[in-house]
Amino acid sequence: MLAWLSRRVVKDAWIIVGTWTLLAGVLFTVSVTGLGGANLFARADAGGTSIAGTNSAEGEQILDTLSGDAETVTLMVTDIDISDADAQQAVADMLEDAHEDLRALVGQQNVIDPFVVPGMLNEPAAQMLASKQLDGFLMVVTVDPNGDAVADPADETYAAEVARLVSRVETRMARVPDELRAIEPEARGIVSDDALMAKAVTEQVHTDLIRGELIALPLALLIMVLVFGGFLAAGMPLFGALVSIGGTMGMLYALSFFMNLQSFVINVVAVITLGLSIDYGLLITSRYREELAKSRDAESAGQGRQPRRRRTGRRDTLITDCMTTTLTTAGRTVVFSALTVAACMLGLVLLGPAVLHSIGIACLASCLIAAAAAITLVPAILVLLGRRMLRPPLLQRIPLVGPLQRRLGDVDRERGMFRWVARQVQRMAWVVLVACVVALVVLASPARNLHMLVSTTELLPADSDQRTYLSVLEESYSAVTRQDATVVIASTGETVTDFINSEVAGVDGVAEVLRVATAGDYTVIYLDLAADTASRQAENAVASIRALAAPADMWVTGQAASQLDFRQALLAASPWFGGFIALATFILLFLMTGSVLLPMKALTITLLSLAASLGVLTWVFQEGHLTGLLGFAPVGGVEAYVVVTALAVGFGVAMDYEVFLLGRIKEYWDAGADNDTAVAKGLQRSGRIITFAALIMVVVFLGFISGEQLIVKEIGLALAIVVALDATLVRMLLVPAFMTLLGRWNWWAPEPFKRVYERYGFDDAPALVPRPEPL
């Protein structure tokens with residue numbers, strides 16, 4: 001198949017390049033502009049904590065139904081004195097015009113602040129809307145055109161009317177602080193509602209994406225220029241990556257019409273696409289230059305000093321032969337790597353939370369796009385460049401830099417640093433194996449105390465007005481925000497009241513029952529928990545409440561409840577998730593290698609590497625190390641979405657390098673080399689590519705740490721750690737040691753498996769040299 005593909009690439013190179021460029025350009029334009037409508041970032045959801053079908057999600061749905069379809073817009077005014085009656089009256093007089101305008105929009109009863117309450121701050125109802133320090137207040141406007149009626153969620157006309165009214169209310173409320181400066185020059189204000197919070201998140205996602213790419217792409221280009229010696233060869237993987245990003249953005253835009261796509265998913269998918277695309281393009285370009293150099297030398301040796309007529313790239317047999325070899329070797333590796341990563345992404349779909357479904361599907365599609373571009377677009381450009389790829393790189397002509405670049409960019413040497421490393425490892429394989437395992441176990445140890453969070457407001461940018469609004473609200477308006485958990489009981493009456501007073505109030509971890517309200521046939525209880533709402537103690541309190549024998553159906557909501565439900569959903573689905581990924585990876589590696597032990601070895605080592613990465617992530621973000629360097633405030637745990645995504649994506653990326661290494665080792669084994677020689681030569685040939693590909697991916701992932709969103713920082717650092725550990729400690733030391741100890745058993749398989757491999761194994765790569773006939 002890949003041999004056929006190479007012929008098509010050589011023949012239709014211009015068509016392939018043109019098609020990819022046009023398609024990526026159109027898709028990227030559509031995703032960014034939305035063709036006059038909402039673009040990708042506007043269509044993305046700001047995020048939520050509920051998991052469909054869980055106790056907390058059902059409780060939130062009931063609360064939403066009870067509250068109707070109204071939208072609330074709040075103005076927080078700060079730095080204004082309301083401590084005495086004269087000051088309060090002055091503010092009330094100044095707000096008369098605003099009250100009149102807002103009531104004209106939403107109705108008399110839907111505008112409330114401390115100064116519309118008779119008696120003002122002498123009344124408890126007004127005191128709730130004033131800050132503790134009496135230096136600010138809240139104005140709350142309810143937008144509810146339907147009144148007591150509840151509109152159908154699918155009624156787009158009504159939704160558009162509400163959005164229009166909300167926008168007009170926001171605009172009018174935003175003018176209030178300026179009007180108040182007539183009596184208090186320092187007065188300031190922040191308008192907040194769900195739409196504005198979502199906008200703050202999506203705008204930060206957009207900003208972080210651009211910032212991450214502006215950091216990652218130039219650094220990646222610089223590394224590739226050092227590897228290849230010039231911009232021509234270095235540009236091939238980068239161009240493939242840019243085209244892949246364009247296609248991926250268009251794909252995400254299309255997916256946003258069929259699923260709820262959370263905003264941070266855009267950055268997660270972008271960083272993965274960028275890393276994999278450069279990874280795959282680097283492998284293809286490097287192998288092609290290697291084959292081109294060998295074929296040129298062989299051609300020169302056969303022709304002596306007789307010059308050969310130069311041909312164009314699409315007719316030159318040297319170009320054709322080199323591209324065929326490249327795609328049937330490196331292209332085969334890319335295909336297997338992409339399938340392995342895709343299997344890991346598909347495993348996310350088996351998990352419960354919908355956001356993980358969207359991450360899995362989006363990353364699956366982006367991975368396939370990256371692989372498709374690597375085995376079609378990048379080879380087509382290389383073909384069009386023809387023999388220009390044989391010219392000495394620019395950097396090699398520069399004094400001092402030239403020798404370094406020749407060493408970094410060497411594609412011909414059978415002996416070198418990586419082969420030397422492999423031989424040293426083989427001499428003391430047991431020592432290296434034990435040392436590496438101990439190091440990984442030590443790094444993994446902090447993960448024992450991992451606490452997974454499902455955050456909401458933490459997704460907002462730390463310096464945004466909306467984050468400031470929530471912080472001040474929590475500090476100065478405890479009567480409004482004090483509840484940590486909400487309990488909903490599908491019944492009312494004395495029995496429920498007794499249950500609340502005797503059972504719920506006495507649960508260990510419940511500090512206080514703040515208030516109780518009835519709505520129709522439901523009773524709603526607002527609780528203050530003794531511990532922080534994101535803590536394990538709060539989760540235990542929620543579990544204890546749910547364990548009570550309630551007089552009717554009962555639901556508990558809040559952050560602690562959502563975290564508890566998330567963890568339980570993951571535990572329920574983890575056997576399917578882990579089993580699917582393990583089985584898919586085993587099958588793919590078996591079809592590639594024909595061995596049953598190598599896939600098992602790869603699974604074991606990769607899981608150990610992931611555990612070590614998770615331990616470092618816990619040490620940094622949960623325990624609060626490196627906060628100054630990375631620019632974040634610890635929140636007592638790690639985002640649950642990050643943990644699961646890092647495990648799935650990290651497993652796929654780790655398998656990516658496993659495939660790179662095993663693919664090259666197997667070439668030498670199939671060519672007749674003994675196990676140790678195959679490992680040493682395979683590491684020598686693939687070690688440079690793995691090292692530089694890993695360095696580029698680490699740079700790409702770390703580039704996104706510069707963003708403001710904590711969840712993106714966490715996923716960027718998690719993947720950078722996975723790649724760094726895997727490409728150094730694991731692939732350079734642990735794998736050679738393990739394969740040395742196994743010896744010929746590396747390639748063992750039972751007879752039935754051998755017959756399956758002979759029939760279905762993907763082994764069309766040309767041998768390096770003829771395998772010797774047995775005596």
# chains A, B, ... in the order shown; residues from 1 in each chain; ligands from 1
>>> residues_around(residues="stretch 61-71 of chain A", least_positions_apart="6", cutoff="6 Å", atoms="only C-alpha atoms", output="PyMOL selection string")
chain A and resi 142-144+150
>>> write_last_selection(atoms="C-alpha atoms", output="PDB file, in the first residue's frame")
ATOM      1  CA  THR A 142     -33.324  39.420  36.150  1.00  0.00           C
ATOM      2  CA  VAL A 143     -34.083  39.066  32.424  1.00  0.00           C
ATOM      3  CA  ASP A 144     -37.221  36.940  32.103  1.00  0.00           C
ATOM      4  CA  VAL A 150     -40.792  28.367  30.802  1.00  0.00           C
TER       5      VAL A 150
END
>>> select_by_dssp(residues="stretch 467-535 of chain A", states="helix (DSSP H, G or I)", output="PyMOL selection string")
chain A and resi 467-476+478-481+494-504
>>> residues_around(residues="A:Ala602", least_positions_apart="2", cutoff="9 Å", atoms="only C-alpha atoms", output="ChimeraX atom specification")
/A:586,589,597-600,604-607,655,658,735
>>> write_last_selection(atoms="all heavy atoms", output="JSON list (two decimals), in the first residue's frame")
[["chain", "number", "residue", "atom", "x", "y", "z"],
["A", 586, "PHE", "N", -1.44, -3.65, 21.92],
["A", 586, "PHE", "CA", -0.82, -4.96, 21.76],
["A", 586, "PHE", "C", -0.98, -5.47, 20.32],
["A", 586, "PHE", "O", -0.02, -5.95, 19.70],
["A", 586, "PHE", "CB", -1.46, -5.97, 22.72],
["A", 586, "PHE", "CG", -0.89, -7.36, 22.63],
["A", 586, "PHE", "CD1", 0.22, -7.72, 23.38],
["A", 586, "PHE", "CD2", -1.43, -8.30, 21.76],
["A", 586, "PHE", "CE1", 0.76, -8.99, 23.28],
["A", 586, "PHE", "CE2", -0.90, -9.57, 21.65],
["A", 586, "PHE", "CZ", 0.21, -9.91, 22.42],
["A", 589, "LEU", "N", 1.25, -3.30, 17.83],
["A", 589, "LEU", "CA", 2.68, -3.59, 17.95],
["A", 589, "LEU", "C", 3.00, -5.02, 17.52],
["A", 589, "LEU", "O", 4.07, -5.28, 16.96],
["A", 589, "LEU", "CB", 3.16, -3.35, 19.38],
["A", 589, "LEU", "CG", 3.22, -1.89, 19.83],
["A", 589, "LEU", "CD1", 3.72, -1.79, 21.26],
["A", 589, "LEU", "CD2", 4.11, -1.07, 18.90],
["A", 597, "LEU", "N", 6.09, -10.48, 23.14],
["A", 597, "LEU", "CA", 6.77, -9.96, 24.32],
["A", 597, "LEU", "C", 7.08, -8.47, 24.20],
["A", 597, "LEU", "O", 7.01, -7.74, 25.19],
["A", 597, "LEU", "CB", 8.07, -10.73, 24.58],
["A", 597, "LEU", "CG", 7.89, -12.21, 24.97],
["A", 597, "LEU", "CD1", 9.24, -12.84, 25.24],
["A", 597, "LEU", "CD2", 7.00, -12.34, 26.19],
["A", 598, "LEU", "N", 7.41, -8.01, 23.00],
["A", 598, "LEU", "CA", 7.71, -6.59, 22.83],
["A", 598, "LEU", "C", 6.49, -5.69, 23.13],
["A", 598, "LEU", "O", 6.65, -4.66, 23.80],
["A", 598, "LEU", "CB", 8.23, -6.33, 21.41],
["A", 598, "LEU", "CG", 9.67, -6.79, 21.14],
["A", 598, "LEU", "CD1", 10.05, -6.50, 19.69],
["A", 598, "LEU", "CD2", 10.65, -6.11, 22.09],
["A", 599, "PRO", "N", 5.29, -6.04, 22.68],
["A", 599, "PRO", "CA", 4.13, -5.22, 23.08],
["A", 599, "PRO", "C", 3.90, -5.23, 24.58],
["A", 599, "PRO", "O", 3.57, -4.18, 25.16],
["A", 599, "PRO", "CB", 2.96, -5.88, 22.34],
["A", 599, "PRO", "CG", 3.58, -6.56, 21.17],
["A", 599, "PRO", "CD", 4.91, -7.04, 21.66],
["A", 600, "MET", "N", 4.09, -6.39, 25.24],
["A", 600, "MET", "CA", 3.91, -6.45, 26.69],
["A", 600, "MET", "C", 4.96, -5.61, 27.40],
["A", 600, "MET", "O", 4.67, -4.92, 28.38],
["A", 600, "MET", "CB", 3.97, -7.91, 27.15],
["A", 600, "MET", "CG", 2.82, -8.75, 26.63],
["A", 600, "MET", "SD", 3.02, -10.51, 26.95],
["A", 600, "MET", "CE", 2.98, -10.51, 28.75],
["A", 604, "THR", "N", 4.19, -2.23, 29.76],
["A", 604, "THR", "CA", 4.67, -2.15, 31.15],
["A", 604, "THR", "C", 5.54, -0.92, 31.37],
["A", 604, "THR", "O", 5.34, -0.16, 32.33],
["A", 604, "THR", "CB", 5.47, -3.41, 31.49],
["A", 604, "THR", "OG1", 4.64, -4.57, 31.29],
["A", 604, "THR", "CG2", 5.93, -3.37, 32.94],
["A", 605, "ILE", "N", 6.50, -0.71, 30.49],
["A", 605, "ILE", "CA", 7.42, 0.41, 30.65],
["A", 605, "ILE", "C", 6.69, 1.75, 30.50],
["A", 605, "ILE", "O", 6.94, 2.70, 31.24],
["A", 605, "ILE", "CB", 8.57, 0.29, 29.63],
["A", 605, "ILE", "CG1", 9.47, -0.90, 29.99],
["A", 605, "ILE", "CG2", 9.39, 1.58, 29.59],
["A", 605, "ILE", "CD1", 10.61, -1.12, 29.03],
["A", 606, "THR", "N", 5.77, 1.82, 29.55],
["A", 606, "THR", "CA", 5.05, 3.07, 29.32],
["A", 606, "THR", "C", 4.18, 3.43, 30.51],
["A", 606, "THR", "O", 4.08, 4.60, 30.90],
["A", 606, "THR", "CB", 4.20, 2.98, 28.05],
["A", 606, "THR", "OG1", 5.06, 2.70, 26.93],
["A", 606, "THR", "CG2", 3.46, 4.28, 27.79],
["A", 607, "LEU", "N", 3.53, 2.45, 31.12],
["A", 607, "LEU", "CA", 2.71, 2.72, 32.30],
["A", 607, "LEU", "C", 3.58, 3.24, 33.45],
["A", 607, "LEU", "O", 3.17, 4.15, 34.18],
["A", 607, "LEU", "CB", 1.97, 1.44, 32.72],
["A", 607, "LEU", "CG", 0.84, 1.00, 31.80],
["A", 607, "LEU", "CD1", 0.26, -0.33, 32.29],
["A", 607, "LEU", "CD2", -0.26, 2.06, 31.76],
["A", 655, "MET", "N", 4.03, 5.72, 23.06],
["A", 655, "MET", "CA", 4.01, 4.65, 22.06],
["A", 655, "MET", "C", 4.55, 5.13, 20.72],
["A", 655, "MET", "O", 5.12, 4.35, 19.95],
["A", 655, "MET", "CB", 2.58, 4.14, 21.89],
["A", 655, "MET", "CG", 2.09, 3.25, 23.01],
["A", 655, "MET", "SD", 3.00, 1.68, 23.08],
["A", 655, "MET", "CE", 3.84, 1.85, 24.64],
["A", 658, "GLU", "N", 8.11, 4.60, 20.94],
["A", 658, "GLU", "CA", 8.34, 3.15, 20.95],
["A", 658, "GLU", "C", 8.30, 2.60, 19.53],
["A", 658, "GLU", "O", 9.14, 1.80, 19.14],
["A", 658, "GLU", "CB", 7.27, 2.47, 21.82],
["A", 658, "GLU", "CG", 7.40, 0.96, 21.89],
["A", 658, "GLU", "CD", 8.52, 0.51, 22.81],
["A", 658, "GLU", "OE1", 9.06, 1.36, 23.55],
["A", 658, "GLU", "OE2", 8.87, -0.68, 22.78],
["A", 735, "VAL", "N", 14.71, 0.81, 27.66],
["A", 735, "VAL", "CA", 14.34, -0.12, 26.58],
["A", 735, "VAL", "C", 15.54, -0.93, 26.09],
["A", 735, "VAL", "O", 15.44, -2.16, 25.96],
["A", 735, "VAL", "CB", 13.67, 0.65, 25.42],
["A", 735, "VAL", "CG1", 13.52, -0.25, 24.20],
["A", 735, "VAL", "CG2", 12.31, 1.17, 25.85]]
>>> closest_residue(among="A:Val271, A:Ile190, A:Ile319, A:Leu610", to="A:Ile210", atoms="only C-alpha atoms")
A:Val271
>>> residues_around(residues="A:Ala90", least_positions_apart="2", cutoff="12 Å", atoms="only C-alpha atoms", output="compact mmCIF listing (two decimals) with N, CA and C atoms, in the first residue's frame")
# COMPACT_ATOMS: atom_id res chain seq x y z
N ILE A 80 -16.86 52.64 46.96
CA ILE A 80 -17.82 53.71 47.20
C ILE A 80 -18.36 53.56 48.63
N ASP A 81 -18.37 54.63 49.36
CA ASP A 81 -18.78 54.60 50.77
C ASP A 81 -20.31 54.57 50.88
N ILE A 82 -20.85 53.53 51.56
CA ILE A 82 -22.29 53.45 51.82
C ILE A 82 -22.52 53.16 53.31
N SER A 83 -21.61 53.67 54.14
CA SER A 83 -21.63 53.31 55.56
C SER A 83 -22.63 54.11 56.38
N ASP A 84 -23.10 55.26 55.87
CA ASP A 84 -24.07 56.03 56.66
C ASP A 84 -25.28 56.37 55.81
N ALA A 85 -26.32 56.87 56.47
CA ALA A 85 -27.59 57.12 55.80
C ALA A 85 -27.47 58.18 54.71
N ASP A 86 -26.65 59.24 54.94
CA ASP A 86 -26.51 60.29 53.94
C ASP A 86 -25.86 59.75 52.66
N ALA A 87 -24.80 58.93 52.85
CA ALA A 87 -24.13 58.34 51.69
C ALA A 87 -25.08 57.43 50.93
N GLN A 88 -25.87 56.66 51.65
CA GLN A 88 -26.82 55.75 51.00
C GLN A 88 -27.87 56.53 50.21
N ALA A 92 -28.65 56.38 46.25
CA ALA A 92 -29.99 56.08 45.78
C ALA A 92 -30.48 57.14 44.80
N ASP A 93 -30.22 58.40 45.09
CA ASP A 93 -30.64 59.46 44.18
C ASP A 93 -29.93 59.35 42.83
N MET A 94 -28.64 59.01 42.89
CA MET A 94 -27.86 58.93 41.66
C MET A 94 -28.29 57.73 40.79
N LEU A 95 -28.88 56.72 41.40
CA LEU A 95 -29.27 55.51 40.67
C LEU A 95 -30.68 55.58 40.07
N GLU A 96 -31.39 56.68 40.31
CA GLU A 96 -32.78 56.74 39.86
C GLU A 96 -32.91 56.57 38.35
N PHE A 115 -30.74 49.86 47.49
CA PHE A 115 -31.36 51.17 47.55
C PHE A 115 -32.78 51.18 47.01
N GLU A 179 -21.54 57.11 36.30
CA GLU A 179 -22.52 58.05 36.86
C GLU A 179 -22.27 58.28 38.35
N LEU A 180 -21.84 57.22 39.06
CA LEU A 180 -21.59 57.34 40.50
C LEU A 180 -20.34 58.14 40.82
N ARG A 181 -19.48 58.34 39.84
CA ARG A 181 -18.25 59.09 40.10
C ARG A 181 -18.55 60.56 40.38
N ALA A 182 -19.75 60.97 40.10
CA ALA A 182 -20.14 62.35 40.44
C ALA A 182 -20.16 62.56 41.95
N ILE A 183 -20.39 61.47 42.71
CA ILE A 183 -20.37 61.58 44.17
C ILE A 183 -19.20 60.84 44.78
N GLU A 184 -18.59 59.93 44.04
CA GLU A 184 -17.41 59.19 44.52
C GLU A 184 -16.47 58.95 43.34
>>> residues_around(residues="stretch 506-509 of chain A", least_positions_apart="4", cutoff="8 Å", atoms="only C-alpha atoms", output="compact mmCIF listing (two decimals) with C-alpha atoms, in the first residue's frame")
# COMPACT_ATOMS: atom_id res chain seq x y z
CA ASN A 501 -32.64 19.01 61.26
CA SER A 502 -31.87 15.57 62.67
CA LEU A 529 -19.35 22.60 54.58
CA ALA A 530 -16.62 22.58 57.21
CA ALA A 531 -13.82 22.06 54.69
CA GLN A 537 -13.13 16.19 53.32
CA ALA A 538 -15.88 17.98 51.41
CA ASN A 540 -16.56 12.71 52.15
CA ALA A 541 -19.29 14.95 53.56
CA SER A 544 -22.16 10.82 53.88
CA ILE A 545 -25.21 12.92 52.98
>>> select_by_dssp(residues="stretch 479-664 of chain A", states="strand (DSSP E or B)", output="ChimeraX atom specification")
/A:485-489,510-519,522-529,554-557,638-639
>>> atom_distance(atom1="atom CA of A:Lys11", atom2="atom CA of A:Gly386")
12.9 Å
>>> atom_distance(atom1="atom CA of A:Thr585", atom2="atom CA of A:Leu683")
21.6 Å
>>> atom_distance(atom1="atom CA of A:Leu5", atom2="atom CA of A:Leu591")
20.2 Å
>>> residues_around(residues="A:Leu219", least_positions_apart="4", cutoff="10 Å", atoms="only C-alpha atoms", output="ChimeraX atom specification")
/A:213-215,223-225,696,699-700,703
>>> write_last_selection(atoms="all heavy atoms", output="PDB file, in the first residue's frame")
ATOM      1  N   GLU A 213       1.625  29.368  20.143  1.00  0.00           N
ATOM      2  CA  GLU A 213       2.173  29.096  18.820  1.00  0.00           C
ATOM      3  C   GLU A 213       3.300  30.063  18.462  1.00  0.00           C
ATOM      4  O   GLU A 213       4.279  29.675  17.808  1.00  0.00           O
ATOM      5  CB  GLU A 213       1.058  29.158  17.778  1.00  0.00           C
ATOM      6  CG  GLU A 213       0.059  27.997  17.900  1.00  0.00           C
ATOM      7  CD  GLU A 213      -0.991  28.022  16.829  1.00  0.00           C
ATOM      8  OE1 GLU A 213      -1.110  29.077  16.151  1.00  0.00           O
ATOM      9  OE2 GLU A 213      -1.699  27.016  16.660  1.00  0.00           O
ATOM     10  N   LEU A 214       3.170  31.318  18.884  1.00  0.00           N
ATOM     11  CA  LEU A 214       4.232  32.291  18.605  1.00  0.00           C
ATOM     12  C   LEU A 214       5.522  31.948  19.331  1.00  0.00           C
ATOM     13  O   LEU A 214       6.613  32.313  18.889  1.00  0.00           O
ATOM     14  CB  LEU A 214       3.769  33.698  18.995  1.00  0.00           C
ATOM     15  CG  LEU A 214       2.706  34.334  18.090  1.00  0.00           C
ATOM     16  CD1 LEU A 214       2.291  35.699  18.622  1.00  0.00           C
ATOM     17  CD2 LEU A 214       3.218  34.455  16.656  1.00  0.00           C
ATOM     18  N   ILE A 215       5.411  31.255  20.461  1.00  0.00           N
ATOM     19  CA  ILE A 215       6.606  30.810  21.180  1.00  0.00           C
ATOM     20  C   ILE A 215       7.119  29.498  20.611  1.00  0.00           C
ATOM     21  O   ILE A 215       8.319  29.325  20.361  1.00  0.00           O
ATOM     22  CB  ILE A 215       6.293  30.653  22.685  1.00  0.00           C
ATOM     23  CG1 ILE A 215       6.007  32.019  23.314  1.00  0.00           C
ATOM     24  CG2 ILE A 215       7.453  29.974  23.411  1.00  0.00           C
ATOM     25  CD1 ILE A 215       5.546  31.947  24.756  1.00  0.00           C
ATOM     26  N   ILE A 223      15.348  24.687  16.152  1.00  0.00           N
ATOM     27  CA  ILE A 223      15.894  23.353  16.415  1.00  0.00           C
ATOM     28  C   ILE A 223      16.030  22.579  15.116  1.00  0.00           C
ATOM     29  O   ILE A 223      17.053  21.915  14.867  1.00  0.00           O
ATOM     30  CB  ILE A 223      14.999  22.598  17.409  1.00  0.00           C
ATOM     31  CG1 ILE A 223      15.025  23.299  18.772  1.00  0.00           C
ATOM     32  CG2 ILE A 223      15.465  21.153  17.561  1.00  0.00           C
ATOM     33  CD1 ILE A 223      14.011  22.756  19.747  1.00  0.00           C
ATOM     34  N   MET A 224      15.027  22.664  14.241  1.00  0.00           N
ATOM     35  CA  MET A 224      15.084  21.915  12.980  1.00  0.00           C
ATOM     36  C   MET A 224      16.143  22.471  12.041  1.00  0.00           C
ATOM     37  O   MET A 224      16.759  21.724  11.272  1.00  0.00           O
ATOM     38  CB  MET A 224      13.708  21.912  12.319  1.00  0.00           C
ATOM     39  CG  MET A 224      12.726  20.967  13.012  1.00  0.00           C
ATOM     40  SD  MET A 224      11.157  20.762  12.154  1.00  0.00           S
ATOM     41  CE  MET A 224      10.432  22.369  12.433  1.00  0.00           C
ATOM     42  N   VAL A 225      16.381  23.772  12.101  1.00  0.00           N
ATOM     43  CA  VAL A 225      17.468  24.343  11.293  1.00  0.00           C
ATOM     44  C   VAL A 225      18.810  23.794  11.761  1.00  0.00           C
ATOM     45  O   VAL A 225      19.691  23.472  10.945  1.00  0.00           O
ATOM     46  CB  VAL A 225      17.442  25.888  11.381  1.00  0.00           C
ATOM     47  CG1 VAL A 225      18.727  26.474  10.816  1.00  0.00           C
ATOM     48  CG2 VAL A 225      16.239  26.433  10.631  1.00  0.00           C
ATOM     49  N   ILE A 696      11.651  19.035  20.295  1.00  0.00           N
ATOM     50  CA  ILE A 696      10.691  19.926  19.644  1.00  0.00           C
ATOM     51  C   ILE A 696       9.321  19.825  20.314  1.00  0.00           C
ATOM     52  O   ILE A 696       8.653  20.832  20.568  1.00  0.00           O
ATOM     53  CB  ILE A 696      10.588  19.587  18.141  1.00  0.00           C
ATOM     54  CG1 ILE A 696      11.895  19.987  17.439  1.00  0.00           C
ATOM     55  CG2 ILE A 696       9.401  20.304  17.504  1.00  0.00           C
ATOM     56  CD1 ILE A 696      11.989  19.512  16.010  1.00  0.00           C
ATOM     57  N   VAL A 699       9.362  21.631  23.577  1.00  0.00           N
ATOM     58  CA  VAL A 699       9.293  23.074  23.335  1.00  0.00           C
ATOM     59  C   VAL A 699       7.864  23.485  22.995  1.00  0.00           C
ATOM     60  O   VAL A 699       7.355  24.505  23.485  1.00  0.00           O
ATOM     61  CB  VAL A 699      10.258  23.466  22.193  1.00  0.00           C
ATOM     62  CG1 VAL A 699       9.953  24.871  21.685  1.00  0.00           C
ATOM     63  CG2 VAL A 699      11.697  23.386  22.673  1.00  0.00           C
ATOM     64  N   VAL A 700       7.189  22.696  22.152  1.00  0.00           N
ATOM     65  CA  VAL A 700       5.810  23.001  21.779  1.00  0.00           C
ATOM     66  C   VAL A 700       4.907  22.979  23.007  1.00  0.00           C
ATOM     67  O   VAL A 700       4.107  23.896  23.240  1.00  0.00           O
ATOM     68  CB  VAL A 700       5.305  22.010  20.711  1.00  0.00           C
ATOM     69  CG1 VAL A 700       3.799  22.140  20.523  1.00  0.00           C
ATOM     70  CG2 VAL A 700       6.018  22.251  19.384  1.00  0.00           C
ATOM     71  N   GLY A 703       5.629  25.776  25.379  1.00  0.00           N
ATOM     72  CA  GLY A 703       5.187  27.058  24.849  1.00  0.00           C
ATOM     73  C   GLY A 703       3.796  27.418  25.322  1.00  0.00           C
ATOM     74  O   GLY A 703       3.472  28.593  25.535  1.00  0.00           O
TER      75      GLY A 703
END
>>> residues_around(residues="stretch 238-248 of chain A", least_positions_apart="2", cutoff="6 Å", atoms="only C-alpha atoms", output="number ranges by chain")
A: 24, 27-28, 235-236, 250-251, 274, 277-278, 366, 370
>>> write_last_selection(atoms="all heavy atoms", output="compact mmCIF listing (two decimals), in the first residue's frame")
# COMPACT_ATOMS: atom_id res chain seq x y z
N ALA A 24 -6.66 23.28 3.67
CA ALA A 24 -6.32 23.80 5.00
C ALA A 24 -6.63 25.28 5.10
O ALA A 24 -7.13 25.75 6.14
CB ALA A 24 -4.84 23.56 5.29
N LEU A 27 -10.50 25.67 5.45
CA LEU A 27 -10.98 25.21 6.76
C LEU A 27 -10.56 26.17 7.86
O LEU A 27 -11.35 26.47 8.78
CB LEU A 27 -10.45 23.81 7.04
CG LEU A 27 -11.03 22.68 6.18
CD1 LEU A 27 -10.32 21.36 6.48
CD2 LEU A 27 -12.53 22.53 6.42
N PHE A 28 -9.32 26.65 7.81
CA PHE A 28 -8.86 27.58 8.83
C PHE A 28 -9.65 28.89 8.77
O PHE A 28 -10.06 29.44 9.80
CB PHE A 28 -7.37 27.86 8.65
CG PHE A 28 -6.80 28.80 9.67
CD1 PHE A 28 -6.50 28.35 10.95
CD2 PHE A 28 -6.58 30.14 9.38
CE1 PHE A 28 -5.98 29.21 11.91
CE2 PHE A 28 -6.06 31.01 10.32
CZ PHE A 28 -5.77 30.54 11.59
N GLY A 235 11.92 23.53 6.90
CA GLY A 235 10.58 24.02 6.64
C GLY A 235 9.57 22.96 6.30
O GLY A 235 8.36 23.19 6.40
N MET A 236 10.06 21.76 5.90
CA MET A 236 9.13 20.71 5.49
C MET A 236 8.22 20.25 6.64
O MET A 236 7.00 20.28 6.53
CB MET A 236 9.88 19.51 4.90
CG MET A 236 10.72 19.81 3.66
SD MET A 236 9.78 20.56 2.33
CE MET A 236 10.19 22.29 2.55
N GLY A 250 -10.51 23.56 11.30
CA GLY A 250 -11.75 23.38 10.56
C GLY A 250 -12.53 22.18 11.05
O GLY A 250 -13.77 22.21 11.13
N MET A 251 -11.81 21.11 11.37
CA MET A 251 -12.46 19.91 11.90
C MET A 251 -13.13 20.20 13.24
O MET A 251 -14.26 19.76 13.50
CB MET A 251 -11.42 18.80 12.03
CG MET A 251 -11.89 17.52 12.69
SD MET A 251 -11.68 17.54 14.50
CE MET A 251 -9.93 17.81 14.64
N LEU A 274 0.11 20.09 16.70
CA LEU A 274 1.39 20.72 16.37
C LEU A 274 2.55 19.79 16.70
O LEU A 274 3.47 19.60 15.87
CB LEU A 274 1.51 22.03 17.14
CG LEU A 274 2.66 22.96 16.77
CD1 LEU A 274 2.56 23.36 15.31
CD2 LEU A 274 2.64 24.20 17.66
N SER A 277 2.47 16.59 14.33
CA SER A 277 2.76 16.94 12.93
C SER A 277 4.25 17.16 12.72
O SER A 277 4.84 16.66 11.75
CB SER A 277 1.98 18.19 12.52
OG SER A 277 0.60 17.99 12.63
N ILE A 278 4.86 17.93 13.61
CA ILE A 278 6.30 18.17 13.49
C ILE A 278 7.05 16.86 13.70
O ILE A 278 8.03 16.57 13.00
CB ILE A 278 6.74 19.24 14.50
CG1 ILE A 278 6.13 20.60 14.14
CG2 ILE A 278 8.26 19.35 14.55
CD1 ILE A 278 6.44 21.71 15.11
N SER A 366 -7.46 14.85 14.76
CA SER A 366 -6.25 15.63 14.54
C SER A 366 -5.03 14.74 14.32
O SER A 366 -4.15 15.06 13.51
CB SER A 366 -6.00 16.57 15.73
OG SER A 366 -5.65 15.85 16.89
N ALA A 370 -2.68 14.76 11.02
CA ALA A 370 -1.23 14.93 11.10
C ALA A 370 -0.51 13.81 10.36
O ALA A 370 0.47 14.06 9.63
CB ALA A 370 -0.79 14.96 12.56
